[in-house]
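Structure file entry_2.cif; described as mmCIF, C-alpha atoms.
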```
data_target
#
loop_
_atom_site.label_atom_id
_atom_site.label_comp_id
_atom_site.auth_asym_id
_atom_site.auth_seq_id
_atom_site.Cartn_x
_atom_site.Cartn_y
_atom_site.Cartn_z
CA MET D 1 43.85 101.20 126.65
CA TYR D 2 40.67 101.60 124.57
CA LYS D 3 41.90 104.80 122.86
CA ILE D 4 45.30 103.24 122.17
CA GLY D 5 43.58 100.22 120.63
CA VAL D 6 41.48 102.46 118.36
CA ILE D 7 44.56 104.35 117.14
CA LEU D 8 46.52 101.14 116.57
CA PHE D 9 43.70 99.43 114.66
CA LYS D 10 43.09 102.53 112.51
CA TYR D 11 46.68 102.35 111.28
CA ILE D 12 46.48 98.60 110.71
CA PHE D 13 43.20 98.83 108.81
CA LYS D 14 44.41 101.78 106.69
CA ILE D 15 47.68 100.03 105.78
CA PHE D 16 46.35 96.52 105.08
CA PHE D 17 42.73 97.09 104.01
CA ASN D 18 40.63 99.42 101.93
CA CYS D 19 37.92 100.43 104.45
CA LYS D 20 34.87 102.50 103.60
CA ILE D 21 32.44 103.63 106.27
CA GLU D 22 28.84 104.66 105.58
CA GLY D 23 26.15 106.02 107.87
CA LEU D 24 28.17 107.47 110.76
CA GLU D 25 25.61 110.27 110.91
CA ASN D 26 23.11 107.65 112.17
CA ILE D 27 25.04 107.05 115.39
CA PRO D 28 23.77 108.96 118.44
CA ILE D 29 26.75 110.23 120.42
CA LYS D 30 25.35 110.62 123.94
CA THR D 31 22.34 108.32 124.29
CA GLY D 32 22.07 104.58 124.75
CA VAL D 33 22.13 102.59 121.52
CA VAL D 34 22.62 99.01 120.35
CA ILE D 35 24.83 98.37 117.33
CA ALA D 36 23.57 95.08 115.83
CA SER D 37 25.79 93.65 113.10
CA ASN D 38 26.23 90.58 110.98
CA HIS D 39 29.29 88.57 111.97
CA VAL D 40 31.55 87.38 109.15
CA SER D 41 35.06 87.45 110.62
CA LEU D 42 37.15 87.83 113.75
CA LEU D 43 37.86 91.38 112.58
CA ASP D 44 34.25 92.53 113.01
CA PRO D 45 34.50 93.84 116.61
CA PRO D 46 37.72 95.83 116.06
CA LEU D 47 36.47 97.10 112.68
CA ILE D 48 33.23 98.41 114.15
CA GLY D 49 34.87 99.72 117.32
CA THR D 50 37.66 101.48 115.45
CA PHE D 51 35.45 103.49 113.13
CA LEU D 52 32.56 104.18 115.51
CA PRO D 53 32.69 107.76 116.86
CA ARG D 54 32.16 106.57 120.46
CA GLU D 55 33.19 103.78 122.79
CA ILE D 56 31.40 100.49 122.28
CA HIS D 57 31.05 97.59 124.70
CA PHE D 58 30.76 94.21 122.97
CA MET D 59 29.10 91.16 124.41
CA ALA D 60 31.46 88.25 123.69
CA LYS D 61 31.27 84.54 124.39
CA GLU D 62 32.61 83.78 127.85
CA GLU D 63 35.18 81.28 126.54
CA LEU D 64 37.19 84.16 125.05
CA PHE D 65 37.77 85.63 128.52
CA GLN D 66 39.47 82.41 129.65
CA ILE D 67 42.26 82.73 127.06
CA PRO D 68 45.36 84.07 128.81
CA VAL D 69 46.34 87.62 127.77
CA PHE D 70 43.54 87.80 125.17
CA GLY D 71 40.86 87.74 127.88
CA TYR D 72 42.63 90.58 129.68
CA ILE D 73 42.92 92.63 126.48
CA ILE D 74 39.28 92.32 125.44
CA THR D 75 38.18 93.21 128.97
CA LYS D 76 40.27 96.40 128.75
CA LEU D 77 38.67 97.06 125.35
CA LYS D 78 35.25 97.16 127.07
CA ALA D 79 34.00 93.67 126.16
CA PHE D 80 32.08 91.62 128.71
CA PRO D 81 31.18 87.91 128.78
CA VAL D 82 27.90 86.26 127.86
CA LYS D 83 27.02 82.58 128.17
CA ARG D 84 25.80 81.46 124.78
CA GLY D 85 22.83 79.17 124.36
CA THR D 86 21.16 80.32 127.57
CA ALA D 87 19.40 83.38 128.96
CA ASP D 88 22.44 84.84 130.73
CA ARG D 89 20.70 87.11 133.24
CA VAL D 90 23.96 88.64 134.49
CA ALA D 91 25.01 89.68 130.97
CA ILE D 92 21.49 90.91 130.15
CA LYS D 93 21.36 93.05 133.32
CA LYS D 94 24.82 94.46 132.59
CA ALA D 95 23.80 95.33 129.02
CA ILE D 96 20.55 97.02 130.12
CA SER D 97 22.40 99.00 132.79
CA LEU D 98 25.06 100.10 130.29
CA LEU D 99 22.40 101.29 127.84
CA SER D 100 20.33 103.00 130.53
CA ASP D 101 23.46 104.98 131.45
CA GLY D 102 23.77 106.18 127.83
CA GLY D 103 26.31 103.59 126.68
CA CYS D 104 26.78 101.90 123.33
CA LEU D 105 26.39 98.11 123.16
CA GLY D 106 27.68 95.96 120.30
CA VAL D 107 25.96 92.66 119.57
CA PHE D 108 25.98 90.04 116.87
CA PRO D 109 22.32 88.90 116.84
CA GLU D 110 23.16 85.54 115.26
CA GLY D 111 25.26 84.69 118.31
CA THR D 112 28.15 83.33 116.24
CA ARG D 113 30.15 83.97 113.08
CA SER D 114 28.60 83.02 109.76
CA LYS D 115 30.43 80.18 108.04
CA ASP D 116 29.15 81.07 104.56
CA GLY D 117 28.75 84.86 104.79
CA ASN D 118 24.95 84.66 104.78
CA LEU D 119 22.86 86.15 107.56
CA GLY D 120 21.50 83.50 109.91
CA SER D 121 18.67 83.56 112.43
CA ALA D 122 18.80 85.95 115.37
CA GLU D 123 18.80 85.03 119.02
CA PRO D 124 16.08 86.86 121.00
CA GLY D 125 18.42 88.58 123.50
CA MET D 126 19.24 91.63 121.37
CA SER D 127 15.62 92.75 121.09
CA LEU D 128 14.85 92.04 124.74
CA ILE D 129 17.81 94.15 125.85
CA ALA D 130 16.89 97.09 123.58
CA ILE D 131 13.23 96.96 124.65
CA LYS D 132 14.03 96.76 128.37
CA ALA D 133 16.52 99.66 128.09
CA ASP D 134 14.16 101.56 125.74
CA VAL D 135 16.89 102.37 123.21
CA PRO D 136 17.10 102.21 119.43
CA VAL D 137 19.07 99.64 117.45
CA ILE D 138 21.37 100.58 114.59
CA PRO D 139 21.39 97.76 112.01
CA THR D 140 24.97 97.37 110.82
CA ALA D 141 26.67 95.36 108.09
CA VAL D 142 30.30 94.44 107.67
CA VAL D 143 30.92 93.51 104.04
CA ILE D 144 34.25 92.01 103.03
CA GLU D 145 34.62 92.00 99.26
CA ASN D 146 36.98 89.86 97.16
CA ASN D 147 37.13 87.03 99.75
CA LYS D 148 40.66 87.66 100.93
CA ILE D 149 41.74 89.12 104.23
CA LEU D 150 44.83 91.19 103.43
CA GLY D 151 44.04 93.88 100.87
CA ALA D 152 40.32 93.21 101.11
CA ASN D 153 37.79 95.91 100.35
CA ILE D 154 35.79 96.30 103.55
CA LYS D 155 32.62 98.30 103.96
CA ILE D 156 31.01 99.05 107.30
CA LYS D 157 27.47 100.32 106.87
CA PHE D 158 25.52 101.81 109.76
CA GLY D 159 21.79 101.94 108.99
CA THR D 160 19.15 104.24 110.37
CA PRO D 161 18.03 103.71 113.99
CA ILE D 162 15.09 101.37 114.56
CA SER D 163 12.87 101.53 117.63
CA TYR D 164 10.40 98.92 118.80
CA ASN D 165 6.64 99.26 118.58
CA LYS D 166 5.56 100.29 122.10
CA GLU D 167 1.91 99.47 121.35
CA LEU D 168 2.64 95.73 121.19
CA SER D 169 3.15 93.29 124.04
CA VAL D 170 6.82 92.65 124.87
CA LYS D 171 6.63 89.20 123.27
CA ASP D 172 5.12 90.51 120.01
CA ALA D 173 7.39 93.57 120.02
CA MET D 174 10.46 91.34 120.38
CA GLN D 175 9.47 89.19 117.43
CA ASN D 176 8.63 92.12 115.15
CA PHE D 177 11.65 94.14 116.27
CA THR D 178 14.03 91.23 115.66
CA GLU D 179 12.61 90.58 112.19
CA GLU D 180 12.83 94.26 111.25
CA ILE D 181 16.44 94.58 112.45
CA MET D 182 17.57 91.41 110.66
CA SER D 183 15.80 92.51 107.49
CA GLU D 184 17.62 95.86 107.58
CA ILE D 185 20.99 94.19 108.20
CA LYS D 186 20.36 91.93 105.19
CA LYS D 187 19.53 94.95 103.01
CA LEU D 188 22.73 96.71 104.11
CA MET D 189 24.76 93.60 103.26
CA VAL D 190 23.64 93.65 99.62
CA SER D 191 23.25 97.37 98.93
#
```
Please express the file's structure as structure tokens.
Amino acid sequence: MYKIGVILFKYIFKIFFNCKIEGLENIPIKTGVVIASNHVSLLDPPLIGTFLPREIHFMAKEELFQIPVFGYIITKLKAFPVKRGTADRVAIKKAISLLSDGGCLGVFPEGTRSKDGNLGSAEPGMSLIAIKADVPVIPTAVVIENNKILGANIKIKFGTPISYNKELSVKDAMQNFTEEIMSEIKKLMVS
């Protein structure tokens, strides 16, 4: 179902949107990696997943999985639930295991969609997961220009991989890593 979804969304995005993708060369194909993106619309997960050259597993709020049919579809599209506002140990363990097995994890560090398009503060989970799995993070920006959905100019920008500083304690590494990732996402949003 994942491959069918990618093909379907590619046609939809090509017909209804003007999509430009930058930085695909920054995506490792066979090793574990976290794709950390800003979150401006409901289209962000399918946009990123459609144009990424590998399968991606998104962490999504658990309430979405309780919606009939939709919950089934996003599960088949490799998403898995996370309880927001808490340290969801089950979701964290699943994410670390996925990355340790060479998978690709999609996260929205802010934990929710931006209401004004600006980048908000990050939750600490993204950095903890990347540090525990010892994988790089690709800062990513979805930029929707001209403030309309249909016919919008959309850019998806994948930045260069960022790894955490292994010389720091986990607590300090998490803080620095999070700040660096969010700073890079912000730069991609305006460049």
**Item:** Explicit residue set for the PyMOL selection byres ((chain D and resi 27-41) around 7), as a count of residues only
**Value:** 33
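Residues in contact with stretch 170-183 of chain D at 8 Å, where only C-alpha atoms are counted and same-chain residues fewer than 6 positions away are skipped, are listed as Ala36, Ala122, Pro124, Met126, Ser127, Leu128, Ile131, Val137, Pro139, Ile162, Ser163 and Tyr164 of chain D.
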**Message:** Please expand the PyMOL selection byres ((chain D and resi 156) around 10) into the concrete residues it hits in this file, giving the result as number ranges by chain.
**Reply:** D: 19-24, 37, 44, 47-48, 51-52, 140-144, 154-155, 157-159, 188-189
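Across the structure, atom CA of D:Glu110 and atom CA of D:Ser169 are spaced 23.2 Å apart.
Nearest to D:Lys61 of all the residues D:Thr75, D:Gly49, D:Thr160, D:Pro81 is D:Pro81, based on all atoms listed in the file.
Put simply, atom CA of D:Val82 is 9.8 Å away from atom CA of D:Phe58.
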**Prompt:** Any idea what the distance is between atom CA of D:Ile4 and atom CA of D:Pro46?
**Reply:**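 Going from atom CA of D:Ile4 over to atom CA of D:Pro46, I get 12.2 Å.
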**Message:** The residues within 12 Å of (39.1, 94.9, 121.4), using all atoms listed in the file and the coordinates of the file, should be reported as a ChimeraX atom specification; which are they?
**Reply:** /D:1-9,42-50,55-60,64-65,70-80,106
**Item:** D:Lys83 environment, 8 Å, only C-alpha atoms, sequence neighbours closer than 5 positions dropped, as a list of chain:residue names
**Value:** D:Lys61, D:Glu62, D:Asp88, D:Ala91
Export of prior selection with C-alpha atoms as an mmCIF file, in the coordinates of the input:
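Saved to part-v3.cif:
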```
data_model
loop_
_atom_site.group_PDB
_atom_site.id
_atom_site.type_symbol
_atom_site.label_atom_id
_atom_site.label_comp_id
_atom_site.auth_asym_id
_atom_site.auth_seq_id
_atom_site.Cartn_x
_atom_site.Cartn_y
_atom_site.Cartn_z
ATOM 1 C CA LYS D 61 31.270 84.540 124.390
ATOM 2 C CA GLU D 62 32.610 83.780 127.850
ATOM 3 C CA ASP D 88 22.440 84.840 130.730
ATOM 4 C CA ALA D 91 25.010 89.680 130.970
#
```
Radius query 9 Å about (43.6, 99.0, 104.8), atoms used: all atoms listed in the file, as a compact mmCIF listing (two decimals) with C-alpha atoms, keeping the file's coordinate frame:
```txt
# COMPACT_ATOMS: atom_id res chain seq x y z
CA LYS D 10 43.09 102.53 112.51
CA TYR D 11 46.68 102.35 111.28
CA ILE D 12 46.48 98.60 110.71
CA PHE D 13 43.20 98.83 108.81
CA LYS D 14 44.41 101.78 106.69
CA ILE D 15 47.68 100.03 105.78
CA PHE D 16 46.35 96.52 105.08
CA PHE D 17 42.73 97.09 104.01
CA ASN D 18 40.63 99.42 101.93
CA CYS D 19 37.92 100.43 104.45
CA LEU D 150 44.83 91.19 103.43
CA GLY D 151 44.04 93.88 100.87
CA ALA D 152 40.32 93.21 101.11
CA ASN D 153 37.79 95.91 100.35
CA ILE D 154 35.79 96.30 103.55
```
Taking every listed atom of stretch 187-190 of chain D and adding 8 Å to each side, what centre and edge lengths in Å (one decimal) does the axis-aligned box have, as AutoDock Vina command-line options?
```
--center_x 22.1 --center_y 95.2 --center_z 101.9 --size_x 21.2 --size_y 19.1 --size_z 20.5
```
